[in-house]
Amino acid sequence: MRFLRISSFSPLAFFFLIIAVIRSSSSIAASTSRYNAMFSFGDSVAETGNICVVSSRNSTELDVLTCTHPPYGCTYFGRPSCRWSDGRVVVDFIAQALGLPLLPPSKSKGKDFRRGANMAITGGTAMNFSYYQSLGIEDPVWNHGSLDMQIQWFMELIPSLCGTKQNCKEFLEKSLFQFGGFGGNDYNIQLLELGLTPEQAMKNTPMIVNATVNGIERLIALGAVHIVVPGILPTEYHNTMLRNQVQILQNKYTSTRIMYADYYSQVYKMVQQPQQFGFSNPFEACCGSGGGKYNFDIATRCGMPGATTACRNPSARLSWDGVHPTEAANKMIAAAWLNGPYCNPPILS
């Protein structure tokens, strides 16, 4: 490496160099001090440990939760971390970019949540479980934490976060909220449990999107000012409707910064042009069984006997376990939400 000699600088050039360094440092500081805390809601895509906390007394359920088995977590944590990936998920990367700690699961005991908490949980739904019970669904996997339940968990945390009403107003104004995506499991229930066709399931999209919109307005009523609302995979119809509703909310709540994160379009581009993102075999799970195009067998999922070895290079894969992205993909998704172009407006704009 060649080093510039100070004697080769003119005084004016040296002045501008110092100004550039100061501006660069200020820009980095601004991005890491913009928010005092971050709070996340959602399902397994954003899970960071709640499902393991609530299932800790049920060894059978813990065994079914393959995210507690190797090779989950192998890339970053070196062990399973109750995340459905080989490493960090999107919310982890966003928190780190903002200078915040990894968000602890909100159901964990003895944690300090003043820098953030994650309410997201595996099986999370937009609709309450009572709605699905009315349709004959009883599987408890869908009853871990609906959207309404997660908001209730957050409300229970608020007194320990900021104390007085005025302090809470200031605290929440300086906090970032990631609300969702919600809806993926609602479609899973309709397709897998009720046996509906995609066309039949889409008839319920307005109800699912409306539940998400109501949740956003509840957060605003609590004092949230900066809210990221991600779309979901793989339903373009749902995302178009959600994006339109977010635009209505943006116009309605002009003093609130509501950001739509276009999860669907970004991942769709990764699938269509994988080489552009450094990926190969976009449909093939890095960790799975069965081989073929998908390397996915529902009866032998990642972490189960027969599927305990990951591919040689997870960073070259889009899909980790056939359902959730790899850490490499999550990192790219988070960067596009922080700086654009797949978040409107970008989180750091």
# chains A, B, ... in the order shown; residues from 1 in each chain; ligands from 1

$ closest_atom_pairs --of "segment 120-197 of chain A" --to "segment 44-57 of chain A" --cutoff "6 Å" --atoms "only C-alpha atoms" --output "JSON lines"
{"residue": "A:Ala120", "atom": "CA", "partner": "A:Glu47", "partner_atom": "CA", "distance": 5.3}
{"residue": "A:Ile121", "atom": "CA", "partner": "A:Glu47", "partner_atom": "CA", "distance": 5.2}
{"residue": "A:Thr122", "atom": "CA", "partner": "A:Ser44", "partner_atom": "CA", "distance": 4.0}

$ atom_distance --atom1 "atom CA of Thr256 of chain A" --atom2 "atom CA of Asn36 of chain A"
16.9 Å

$ residues_around --residues "segment 78-81 of chain A" --least-positions-apart "3" --cutoff "10 Å" --atoms "only C-alpha atoms" --output "number ranges by chain"
A: 47-49, 52, 66-75, 84-88, 303

$ residues_around --residues "Tyr132 of chain A" --least-positions-apart "5" --cutoff "9 Å" --atoms "only C-alpha atoms" --output "VMD selection string"
chain A and resid 127 137 to 138 142 189

$ residues_around --residues "Met155 of chain A" --least-positions-apart "4" --cutoff "12 Å" --atoms "only C-alpha atoms" --output "list in words"
Phe39, Ser106, Ala117, Met119, Asp148, Met149, Gln150, Ile151, Pro159, Ser160, Leu161, Cys162, Cys168, Leu172, Arg218, Leu219, Ala221, Leu222, Gly223 and Ala224 of chain A

$ select_by_dssp --residues "segment 60-275 of chain A" --states "strand (DSSP E)" --output "count of residues only"
18

$ closest_residue --among "A:Ser289, A:Leu147, A:Leu242, A:Met332" --to "Phe277 of chain A" --atoms "only C-alpha atoms"
A:Met332

$ residues_around --residues "segment 296-301 of chain A" --least-positions-apart "6" --cutoff "9 Å" --atoms "only C-alpha atoms" --output "short mmCIF file (atom, residue, chain, number, x, y, z; two decimals) with N, CA, C and O atoms, in the first residue's frame"
data_model
loop_
_atom_site.label_atom_id
_atom_site.label_comp_id
_atom_site.auth_asym_id
_atom_site.auth_seq_id
_atom_site.Cartn_x
_atom_site.Cartn_y
_atom_site.Cartn_z
N THR A 66 -36.73 -27.60 14.96
CA THR A 66 -35.40 -27.97 14.47
C THR A 66 -34.41 -26.81 14.50
O THR A 66 -33.21 -27.02 14.35
N GLU A 284 -32.45 -24.39 -4.22
CA GLU A 284 -31.93 -25.53 -3.47
C GLU A 284 -31.56 -25.16 -2.04
O GLU A 284 -30.77 -24.23 -1.81
N ALA A 285 -32.15 -25.85 -1.07
CA ALA A 285 -31.86 -25.58 0.33
C ALA A 285 -30.42 -25.96 0.66
O ALA A 285 -29.95 -27.03 0.28
N CYS A 287 -29.41 -26.54 3.69
CA CYS A 287 -29.55 -27.60 4.69
C CYS A 287 -30.89 -28.29 4.47
O CYS A 287 -31.95 -27.66 4.60
N GLY A 288 -30.84 -29.56 4.12
CA GLY A 288 -32.08 -30.29 3.87
C GLY A 288 -31.78 -31.71 3.47
O GLY A 288 -30.69 -32.23 3.74
N SER A 289 -32.72 -32.34 2.81
CA SER A 289 -32.53 -33.71 2.36
C SER A 289 -33.36 -33.95 1.11
O SER A 289 -34.26 -33.17 0.80
N GLY A 290 -33.05 -34.99 0.43
CA GLY A 290 -33.84 -35.34 -0.74
C GLY A 290 -33.20 -35.03 -2.05
O GLY A 290 -33.59 -35.55 -3.09
N ALA A 307 -30.58 -34.88 8.02
CA ALA A 307 -30.42 -33.53 7.45
C ALA A 307 -29.70 -32.64 8.45
O ALA A 307 -30.18 -31.58 8.83
N THR A 308 -28.55 -33.09 8.89
CA THR A 308 -27.81 -32.36 9.92
C THR A 308 -26.51 -31.76 9.40
O THR A 308 -25.69 -31.27 10.17
N ASP A 321 -33.02 -23.43 4.58
CA ASP A 321 -33.67 -24.70 4.92
C ASP A 321 -34.88 -25.02 4.05
O ASP A 321 -35.68 -25.88 4.40
N GLY A 322 -34.99 -24.34 2.92
CA GLY A 322 -36.13 -24.55 2.04
C GLY A 322 -37.29 -23.64 2.34
O GLY A 322 -38.24 -23.56 1.55
#

$ atom_distance --atom1 "atom CA of Asp92 of chain A" --atom2 "atom CA of Pro104 of chain A"
10.1 Å

$ closest_residue --among "A:Leu103, A:Ile208, A:Glu236, A:Asn251" --to "Val89 of chain A" --atoms "only C-alpha atoms"
A:Leu103

$ closest_residue --among "A:Gly136, A:Gly42, A:Gly278, A:Gly145" --to "Gly181 of chain A" --atoms "only C-alpha atoms"
A:Gly42

$ residues_around --residues "Lys174 of chain A" --least-positions-apart "6" --cutoff "9 Å" --atoms "only C-alpha atoms" --output "list in words"
Arg34, Tyr35, Asn36, Ala37, Met38, Ala224, Val225 and His226 of chain A

$ write_last_selection --atoms "N, CA, C and O atoms" --output "short mmCIF file (atom, residue, chain, number, x, y, z; two decimals), in the first residue's frame"
data_model
loop_
_atom_site.label_atom_id
_atom_site.label_comp_id
_atom_site.auth_asym_id
_atom_site.auth_seq_id
_atom_site.Cartn_x
_atom_site.Cartn_y
_atom_site.Cartn_z
N ARG A 34 -29.33 7.34 15.73
CA ARG A 34 -30.64 7.81 15.31
C ARG A 34 -31.75 7.25 16.20
O ARG A 34 -32.72 7.93 16.49
N TYR A 35 -31.59 6.00 16.62
CA TYR A 35 -32.61 5.35 17.44
C TYR A 35 -32.00 4.85 18.74
O TYR A 35 -30.91 4.31 18.76
N ASN A 36 -32.74 5.05 19.82
CA ASN A 36 -32.28 4.58 21.12
C ASN A 36 -32.62 3.11 21.35
O ASN A 36 -32.02 2.46 22.20
N ALA A 37 -33.60 2.61 20.61
CA ALA A 37 -34.05 1.23 20.80
C ALA A 37 -34.76 0.76 19.54
O ALA A 37 -35.13 1.55 18.66
N MET A 38 -34.95 -0.56 19.45
CA MET A 38 -35.67 -1.16 18.32
C MET A 38 -36.57 -2.26 18.84
O MET A 38 -36.17 -3.05 19.71
N ALA A 224 -45.57 5.14 18.72
CA ALA A 224 -44.56 4.82 17.71
C ALA A 224 -44.56 5.88 16.62
O ALA A 224 -45.62 6.32 16.16
N VAL A 225 -43.37 6.28 16.19
CA VAL A 225 -43.22 7.31 15.16
C VAL A 225 -42.50 6.76 13.92
O VAL A 225 -42.76 7.20 12.81
N HIS A 226 -41.61 5.78 14.10
CA HIS A 226 -40.83 5.22 13.00
C HIS A 226 -41.16 3.73 12.88
O HIS A 226 -40.77 2.94 13.74
#

$ closest_residue --among "A:Ile216, A:Ala316, A:Leu100, A:Ile248" --to "Ala329 of chain A" --atoms "only C-alpha atoms"
A:Ala316

$ select_by_dssp --residues "segment 110-156 of chain A" --states "helix (DSSP H, G or I)" --output "list of chain:residue names"
A:Phe129, A:Ser130, A:Tyr131, A:Tyr132, A:Gln133, A:Pro140, A:Val141, A:Trp142, A:Leu147, A:Asp148, A:Met149, A:Gln150, A:Ile151, A:Gln152, A:Trp153, A:Phe154, A:Met155, A:Glu156

$ write_last_selection --atoms "N, CA and C atoms" --output "compact mmCIF listing (two decimals), in the first residue's frame"
# COMPACT_ATOMS: atom_id res chain seq x y z
N PHE A 129 -55.88 -16.72 16.97
CA PHE A 129 -56.11 -18.16 16.89
C PHE A 129 -57.58 -18.51 17.04
N SER A 130 -58.32 -17.69 17.77
CA SER A 130 -59.75 -17.95 17.95
C SER A 130 -60.47 -17.98 16.60
N TYR A 131 -60.00 -17.18 15.65
CA TYR A 131 -60.60 -17.18 14.31
C TYR A 131 -60.37 -18.54 13.65
N TYR A 132 -59.17 -19.07 13.75
CA TYR A 132 -58.88 -20.35 13.12
C TYR A 132 -59.53 -21.51 13.86
N GLN A 133 -59.67 -21.36 15.16
CA GLN A 133 -60.43 -22.38 15.91
C GLN A 133 -61.86 -22.46 15.41
N PRO A 140 -51.67 -26.46 17.94
CA PRO A 140 -51.12 -25.39 18.79
C PRO A 140 -49.95 -24.64 18.17
N VAL A 141 -49.37 -25.16 17.09
CA VAL A 141 -48.25 -24.47 16.45
C VAL A 141 -48.67 -23.08 15.97
N TRP A 142 -49.98 -22.92 15.71
CA TRP A 142 -50.48 -21.63 15.24
C TRP A 142 -50.99 -20.75 16.38
N LEU A 147 -50.61 -11.44 16.04
CA LEU A 147 -50.30 -10.01 16.00
C LEU A 147 -50.81 -9.30 17.25
N ASP A 148 -52.08 -9.52 17.59
CA ASP A 148 -52.65 -8.88 18.78
C ASP A 148 -51.91 -9.28 20.04
N MET A 149 -51.55 -10.54 20.15
CA MET A 149 -50.85 -11.02 21.34
C MET A 149 -49.48 -10.37 21.46
N GLN A 150 -48.79 -10.22 20.33
CA GLN A 150 -47.47 -9.61 20.35
C GLN A 150 -47.53 -8.14 20.76
N ILE A 151 -48.56 -7.44 20.32
CA ILE A 151 -48.73 -6.05 20.75
C ILE A 151 -48.99 -6.01 22.25
N GLN A 152 -49.75 -6.97 22.75
CA GLN A 152 -49.99 -7.04 24.19
C GLN A 152 -48.69 -7.28 24.95
N TRP A 153 -47.83 -8.14 24.44
CA TRP A 153 -46.52 -8.37 25.08
C TRP A 153 -45.73 -7.06 25.15
N PHE A 154 -45.78 -6.30 24.06
CA PHE A 154 -45.05 -5.02 24.04
C PHE A 154 -45.63 -4.04 25.06
N MET A 155 -46.95 -3.98 25.13
CA MET A 155 -47.59 -3.07 26.09
C MET A 155 -47.20 -3.42 27.52
N GLU A 156 -47.04 -4.70 27.79
CA GLU A 156 -46.63 -5.12 29.13
C GLU A 156 -45.19 -4.71 29.45

$ atom_distance --atom1 "atom CA of Pro305 of chain A" --atom2 "atom CA of Asp43 of chain A"
24.9 Å

$ closest_atom_pairs --of "segment 226-252 of chain A" --to "segment 258-271 of chain A" --cutoff "7 Å" --atoms "only C-alpha atoms" --output "tab-separated table"
residue	atom	partner	partner_atom	distance
A:His226	CA	A:Ile258	CA	6.0
A:Ile227	CA	A:Ile258	CA	4.9
A:Val228	CA	A:Met259	CA	4.6
A:Val229	CA	A:Tyr260	CA	4.9
A:Pro230	CA	A:Ala261	CA	4.3
A:Gly231	CA	A:Tyr263	CA	5.3
A:Ile232	CA	A:Tyr264	CA	5.9
A:Leu233	CA	A:Tyr264	CA	5.6
A:Pro234	CA	A:Tyr264	CA	6.5
A:Arg243	CA	A:Tyr260	CA	6.6
A:Val246	CA	A:Tyr260	CA	6.8
A:Gln250	CA	A:Ile258	CA	6.0

$ decode --residues "segment 315-335 of chain A" --atoms "N, CA, C and O atoms" --output "CSV table (one decimal), in the first residue's frame"
chain,number,residue,atom,x,y,z
A,315,SER,N,-23.0,-19.1,2.2
A,315,SER,CA,-23.0,-17.7,1.7
A,315,SER,C,-23.3,-17.6,0.2
A,315,SER,O,-23.6,-16.6,-0.3
A,316,ALA,N,-23.2,-18.8,-0.5
A,316,ALA,CA,-23.5,-18.8,-1.9
A,316,ALA,C,-24.9,-19.3,-2.2
A,316,ALA,O,-25.2,-19.6,-3.3
A,317,ARG,N,-25.7,-19.4,-1.1
A,317,ARG,CA,-27.1,-19.9,-1.3
A,317,ARG,C,-28.1,-18.9,-0.8
A,317,ARG,O,-27.8,-18.2,0.2
A,318,LEU,N,-29.2,-18.8,-1.4
A,318,LEU,CA,-30.3,-18.0,-1.0
A,318,LEU,C,-31.1,-18.6,0.0
A,318,LEU,O,-31.5,-18.0,1.0
A,319,SER,N,-31.4,-19.9,-0.2
A,319,SER,CA,-32.3,-20.6,0.8
A,319,SER,C,-31.5,-21.4,1.8
A,319,SER,O,-30.6,-22.2,1.4
A,320,TRP,N,-31.8,-21.3,3.1
A,320,TRP,CA,-31.1,-22.0,4.1
A,320,TRP,C,-31.7,-23.4,4.3
A,320,TRP,O,-31.1,-24.4,4.1
A,321,ASP,N,-33.0,-23.4,4.6
A,321,ASP,CA,-33.7,-24.7,4.9
A,321,ASP,C,-34.9,-25.0,4.0
A,321,ASP,O,-35.7,-25.9,4.4
A,322,GLY,N,-35.0,-24.3,2.9
A,322,GLY,CA,-36.1,-24.5,2.0
A,322,GLY,C,-37.3,-23.6,2.3
A,322,GLY,O,-38.2,-23.6,1.5
A,323,VAL,N,-37.2,-22.9,3.5
A,323,VAL,CA,-38.3,-22.0,3.9
A,323,VAL,C,-37.7,-20.6,4.2
A,323,VAL,O,-38.3,-19.6,3.8
A,324,HIS,N,-36.6,-20.6,4.9
A,324,HIS,CA,-36.0,-19.3,5.4
A,324,HIS,C,-34.7,-19.0,4.7
A,324,HIS,O,-34.0,-19.9,4.3
A,325,PRO,N,-34.4,-17.7,4.5
A,325,PRO,CA,-33.1,-17.3,3.8
A,325,PRO,C,-31.9,-17.6,4.7
A,325,PRO,O,-31.9,-17.8,5.9
A,326,THR,N,-30.8,-17.7,4.0
A,326,THR,CA,-29.5,-17.8,4.6
A,326,THR,C,-29.1,-16.4,5.2
A,326,THR,O,-29.7,-15.4,4.9
A,327,GLU,N,-28.0,-16.5,6.1
A,327,GLU,CA,-27.6,-15.2,6.7
A,327,GLU,C,-27.1,-14.3,5.5
A,327,GLU,O,-27.3,-13.0,5.6
A,328,ALA,N,-26.5,-14.8,4.5
A,328,ALA,CA,-26.0,-13.9,3.4
A,328,ALA,C,-27.1,-13.2,2.7
A,328,ALA,O,-27.0,-12.0,2.4
A,329,ALA,N,-28.3,-13.9,2.5
A,329,ALA,CA,-29.4,-13.2,1.9
A,329,ALA,C,-30.0,-12.2,2.9
A,329,ALA,O,-30.4,-11.1,2.5
A,330,ASN,N,-30.1,-12.6,4.2
A,330,ASN,CA,-30.7,-11.7,5.2
A,330,ASN,C,-29.8,-10.4,5.2
A,330,ASN,O,-30.4,-9.3,5.4
A,331,LYS,N,-28.5,-10.5,5.1
A,331,LYS,CA,-27.7,-9.3,5.1
A,331,LYS,C,-28.0,-8.4,4.0
A,331,LYS,O,-28.1,-7.1,4.2
A,332,MET,N,-28.2,-8.9,2.8
A,332,MET,CA,-28.5,-8.1,1.6
A,332,MET,C,-29.9,-7.5,1.7
A,332,MET,O,-30.1,-6.3,1.4
A,333,ILE,N,-30.8,-8.2,2.3
A,333,ILE,CA,-32.2,-7.7,2.5
A,333,ILE,C,-32.1,-6.5,3.5
A,333,ILE,O,-32.7,-5.5,3.2
A,334,ALA,N,-31.4,-6.7,4.6
A,334,ALA,CA,-31.3,-5.6,5.6
A,334,ALA,C,-30.7,-4.4,5.0
A,334,ALA,O,-31.1,-3.2,5.2
A,335,ALA,N,-29.6,-4.6,4.2
A,335,ALA,CA,-28.9,-3.4,3.6
A,335,ALA,C,-29.9,-2.6,2.6
A,335,ALA,O,-29.8,-1.4,2.6
